[in-house]
Amino acid sequence: MVLEKLHLTYFKNYEEGAFTFGAHVNCLVGENGSGKTNLLDAIYFLTLTKSAFQNQDVLSVRHENDFFVLDGIFNDSDRNIQITCSFQRGQRKVFMADKKNYDRLSDHIGLFPLVLIAPNDTDLIRDGSEERRRFFDGVLAQATPGYLQDFLQYNKILNQRNGLLKLFAQRNVVDQDLLETYNEPLLKLALRIYQHRVSFMQRFLPLFCKFYAFICNGKETVDIRYESDVSLENFVEEFKKNQSNDLLSQRTGKGIHKDEFVFEIDGITLKKFGSQGQQKSFVIALKLAQFELLKIEKGKTPILLLDDIFDKLDDRRIHKLIELVDTGFLGQVFITDARPERSAKILESVKADVQFFNIGV
């Protein structure tokens with residue numbers, strides 16, 4: 001699967017832009033602030049219905065404009081598909097496939113698999129459990145049919161239950177029957193999402209370990225431990241026992257929204273004891289495992305976005321990524337770099353077709 005053409009209107013720093021990309025390596029070069037990363041974000045937006053870097057759509061609208069439009073032509077199994085995204089300030093964004101609206105935005109996610117490797121990815125290790133859950137939920141949303149709908153429904157009911165707990169605290173009264181109407185569907189969804197995550201980790205972990213060994217020449221042993229309240233045999237009973245704490249704190253204290261993914265290297269916690277190099281290798285292995293899992297599950301090669309990696313990675317890790325390009329494992333790749341001469345030197349020996357785009361010129 002490849003993105004053949006992309007047209008941007010009033011997206012971030014672009015007043016208008018039109019690009020025709022190659023099927024293999026596309027290197028976007030230009031000065032810092034020229035719009036290289038914004039172009040990657042436009043590709044990300046078209047495939048995953050949101051920005052990779054902002055949590056509000058309005059922040060992707062070019063300054064002093066009221067809307068943006070993204071239009072892309074994807075080639076999937078020799079069939080061209082036009083994907084269009086438009087957003088107007090104060091209105092909901094619209095996604096269309098071949099000029100037909102999606103009933104739900106979530107129906108689009110997973111149809112055009114994509115993986116992004118960016119400079120801030122080590123936040124997965126340094127930040128709290130929410131960041132790690134967000135990563136794995138993002139992979140599952142693309143890879144596992146039905147997961148995203150369950151996940152969105154769980155969070156909707158969770159927010160409603162938390163709102164009810166706050167209302168009970170304000171009124172100093174508890175309606176047990178009303179609370180139970182939220183407990184029952186929340187518990188069912190929690191158990192289903194937990195099973196999805198367990199199954200996913202069984203498939204993901206071997207791929208991750210393989211890529212870490214590839215990057216580090218098998219020098220260290222790595223692991224990811226999935227920890228969840230829902231794993232307890234008596235989880236439902238424990239959930240109900242915790243109700244008094246929920247009422248006191250006015251939020252739901254047990255469930256899959258509290259899950260943790262613990263990253264370990266040689267049996268110790270990576271977050272506390274891992275070196276900067278180990279953390280970078282760990283993150284790259286996570287993203288490459290995501291890439292191969294999507295490739296297997298979706299039956300199509302994901303698009304790979306590499307943002308500013310030549311600045312952030314050492315020569316050995318860059319060499320390993322370029323090696324994957326040469327083996328043909330990777331499909332269409334987009335790379336950003338502020339130093340054209342460096343990119344040209346690194347990519348000069350690549351067997352695949354390489355195209356350079358001067359951004360901001």
# chains A, B, ... in the order shown; residues from 1 in each chain; ligands from 1
call {"tool": "residues_around", "arguments": {"residues": "region 262-272 of chain A", "least_positions_apart": "6", "cutoff": "8 Å", "atoms": "only C-alpha atoms", "output": "list in words"}}
result
Ile125, Arg126, Glu220, Thr221, Val222, Asp223, Ile224, Arg225, Tyr226, Glu227 and Gln279 of chain A
call {"tool": "residues_around", "arguments": {"residues": "Leu191 (chain A)", "least_positions_apart": "3", "cutoff": "10 Å", "atoms": "only C-alpha atoms", "output": "PyMOL selection string"}}
result
chain A and resi 186-188+194-197+230-231+235-236+255-256
call {"tool": "residues_around", "arguments": {"residues": "Asp353 (chain A)", "least_positions_apart": "3", "cutoff": "9 Å", "atoms": "only C-alpha atoms", "output": "number ranges by chain"}}
result
A: 22-26, 350
call {"tool": "write_last_selection", "arguments": {"atoms": "C-alpha atoms", "output": "short mmCIF file (atom, residue, chain, number, x, y, z; two decimals), in the first residue's frame"}}
result
data_model
loop_
_atom_site.label_atom_id
_atom_site.label_comp_id
_atom_site.auth_asym_id
_atom_site.auth_seq_id
_atom_site.Cartn_x
_atom_site.Cartn_y
_atom_site.Cartn_z
CA GLY A 22 7.49 7.45 -4.86
CA ALA A 23 6.60 3.91 -3.84
CA HIS A 24 9.78 3.40 -1.79
CA VAL A 25 11.87 6.04 0.02
CA ASN A 26 10.70 9.66 0.12
CA VAL A 350 20.13 2.13 -0.68
#
call {"tool": "closest_residue", "arguments": {"among": "A:Asp76, A:Glu31, A:Glu260, A:Asp107", "to": "Arg133 (chain A)", "atoms": "only C-alpha atoms"}}
result
A:Glu260
call {"tool": "residues_around", "arguments": {"residues": "Pro206 (chain A)", "least_positions_apart": "4", "cutoff": "12 Å", "atoms": "only C-alpha atoms", "output": "list of chain:residue names"}}
result
A:Phe200, A:Met201, A:Gln202, A:Lys210, A:Phe211, A:Tyr212, A:Ala213, A:Thr221, A:Val222, A:Asp223, A:Ile224, A:Ala285, A:Leu286, A:Leu288, A:Ala289, A:Gln290, A:Glu292, A:Leu293
call {"tool": "write_last_selection", "arguments": {"atoms": "N, CA and C atoms", "output": "PDB file, in the first residue's frame"}}
result
ATOM      1  N   PHE A 200      -3.268 -10.016  22.106  1.00  0.00           N
ATOM      2  CA  PHE A 200      -2.360  -9.146  21.367  1.00  0.00           C
ATOM      3  C   PHE A 200      -0.926  -9.309  21.856  1.00  0.00           C
ATOM      4  N   MET A 201      -0.709  -9.307  23.181  1.00  0.00           N
ATOM      5  CA  MET A 201       0.640  -9.410  23.716  1.00  0.00           C
ATOM      6  C   MET A 201       1.293 -10.733  23.351  1.00  0.00           C
ATOM      7  N   GLN A 202       0.504 -11.783  23.250  1.00  0.00           N
ATOM      8  CA  GLN A 202       1.050 -13.081  22.843  1.00  0.00           C
ATOM      9  C   GLN A 202       1.599 -13.033  21.426  1.00  0.00           C
ATOM     10  N   LYS A 210      12.395 -10.075  18.863  1.00  0.00           N
ATOM     11  CA  LYS A 210      13.179 -10.314  17.649  1.00  0.00           C
ATOM     12  C   LYS A 210      13.832  -9.027  17.169  1.00  0.00           C
ATOM     13  N   PHE A 211      13.081  -7.943  17.136  1.00  0.00           N
ATOM     14  CA  PHE A 211      13.633  -6.691  16.626  1.00  0.00           C
ATOM     15  C   PHE A 211      14.631  -6.063  17.595  1.00  0.00           C
ATOM     16  N   TYR A 212      14.405  -6.229  18.889  1.00  0.00           N
ATOM     17  CA  TYR A 212      15.395  -5.703  19.831  1.00  0.00           C
ATOM     18  C   TYR A 212      16.720  -6.438  19.659  1.00  0.00           C
ATOM     19  N   ALA A 213      16.651  -7.752  19.496  1.00  0.00           N
ATOM     20  CA  ALA A 213      17.865  -8.539  19.271  1.00  0.00           C
ATOM     21  C   ALA A 213      18.548  -8.116  17.965  1.00  0.00           C
ATOM     22  N   THR A 221      18.382  -9.171  27.201  1.00  0.00           N
ATOM     23  CA  THR A 221      17.063  -9.800  27.202  1.00  0.00           C
ATOM     24  C   THR A 221      16.031  -8.760  27.597  1.00  0.00           C
ATOM     25  N   VAL A 222      14.976  -8.649  26.806  1.00  0.00           N
ATOM     26  CA  VAL A 222      13.936  -7.654  27.088  1.00  0.00           C
ATOM     27  C   VAL A 222      12.596  -8.352  27.283  1.00  0.00           C
ATOM     28  N   ASP A 223      11.702  -7.633  27.957  1.00  0.00           N
ATOM     29  CA  ASP A 223      10.372  -8.197  28.211  1.00  0.00           C
ATOM     30  C   ASP A 223       9.373  -7.053  28.403  1.00  0.00           C
ATOM     31  N   ILE A 224       8.109  -7.367  28.161  1.00  0.00           N
ATOM     32  CA  ILE A 224       7.015  -6.440  28.458  1.00  0.00           C
ATOM     33  C   ILE A 224       6.000  -7.211  29.283  1.00  0.00           C
ATOM     34  N   ALA A 285      12.390  -0.933  18.576  1.00  0.00           N
ATOM     35  CA  ALA A 285      11.904  -2.319  18.503  1.00  0.00           C
ATOM     36  C   ALA A 285      10.392  -2.378  18.674  1.00  0.00           C
ATOM     37  N   LEU A 286       9.837  -1.539  19.557  1.00  0.00           N
ATOM     38  CA  LEU A 286       8.385  -1.466  19.719  1.00  0.00           C
ATOM     39  C   LEU A 286       7.715  -1.079  18.401  1.00  0.00           C
ATOM     40  N   LEU A 288       8.949  -1.218  15.292  1.00  0.00           N
ATOM     41  CA  LEU A 288       9.144  -2.203  14.226  1.00  0.00           C
ATOM     42  C   LEU A 288       8.263  -3.434  14.451  1.00  0.00           C
ATOM     43  N   ALA A 289       8.054  -3.799  15.714  1.00  0.00           N
ATOM     44  CA  ALA A 289       7.124  -4.890  16.016  1.00  0.00           C
ATOM     45  C   ALA A 289       5.706  -4.489  15.642  1.00  0.00           C
ATOM     46  N   GLN A 290       5.346  -3.232  15.912  1.00  0.00           N
ATOM     47  CA  GLN A 290       4.050  -2.712  15.481  1.00  0.00           C
ATOM     48  C   GLN A 290       3.921  -2.820  13.960  1.00  0.00           C
ATOM     49  N   GLU A 292       5.491  -4.881  11.824  1.00  0.00           N
ATOM     50  CA  GLU A 292       5.341  -6.254  11.315  1.00  0.00           C
ATOM     51  C   GLU A 292       3.999  -6.861  11.724  1.00  0.00           C
ATOM     52  N   LEU A 293       3.531  -6.556  12.926  1.00  0.00           N
ATOM     53  CA  LEU A 293       2.236  -7.080  13.352  1.00  0.00           C
ATOM     54  C   LEU A 293       1.121  -6.569  12.435  1.00  0.00           C
TER      55      LEU A 293
END
call {"tool": "atom_distance", "arguments": {"atom1": "CA of Lys5 (chain A)", "atom2": "CA of Thr20 (chain A)"}}
result
4.5 Å
call {"tool": "residues_around", "arguments": {"residues": "Asp150 (chain A)", "least_positions_apart": "5", "cutoff": "9 Å", "atoms": "only C-alpha atoms", "output": "VMD selection string"}}
result
chain A and resid 155 189 to 190 192 to 193
call {"tool": "write_last_selection", "arguments": {"atoms": "C-alpha atoms", "output": "mmCIF file, in the first residue's frame"}}
result
data_model
loop_
_atom_site.group_PDB
_atom_site.id
_atom_site.type_symbol
_atom_site.label_atom_id
_atom_site.label_comp_id
_atom_site.auth_asym_id
_atom_site.auth_seq_id
_atom_site.Cartn_x
_atom_site.Cartn_y
_atom_site.Cartn_z
ATOM 1 C CA ASN A 155 -14.553 5.024 27.924
ATOM 2 C CA LEU A 189 -16.384 -4.509 28.149
ATOM 3 C CA ALA A 190 -13.458 -4.601 30.586
ATOM 4 C CA ARG A 192 -13.490 -8.309 26.564
ATOM 5 C CA ILE A 193 -10.806 -5.616 26.205
#
call {"tool": "closest_atom_pairs", "arguments": {"of": "region 232-320 of chain A", "to": "region 33-36 of chain A", "cutoff": "12 Å", "atoms": "only C-alpha atoms", "output": "JSON lines"}}
result
{"residue": "A:Leu305", "atom": "CA", "partner": "A:Lys36", "partner_atom": "CA", "distance": 11.2}
{"residue": "A:Leu306", "atom": "CA", "partner": "A:Lys36", "partner_atom": "CA", "distance": 10.9}
{"residue": "A:Asp307", "atom": "CA", "partner": "A:Lys36", "partner_atom": "CA", "distance": 8.4}
{"residue": "A:Asp308", "atom": "CA", "partner": "A:Lys36", "partner_atom": "CA", "distance": 9.2}
call {"tool": "closest_residue", "arguments": {"among": "A:Gln332, A:Ser129, A:Thr144, A:Thr47", "to": "Ile303 (chain A)", "atoms": "only C-alpha atoms"}}
result
A:Gln332
call {"tool": "residues_around", "arguments": {"residues": "Phe357 (chain A)", "least_positions_apart": "5", "cutoff": "7 Å", "atoms": "only C-alpha atoms", "output": "list in words"}}
result
Cys27, Leu28 and Val29 of chain A
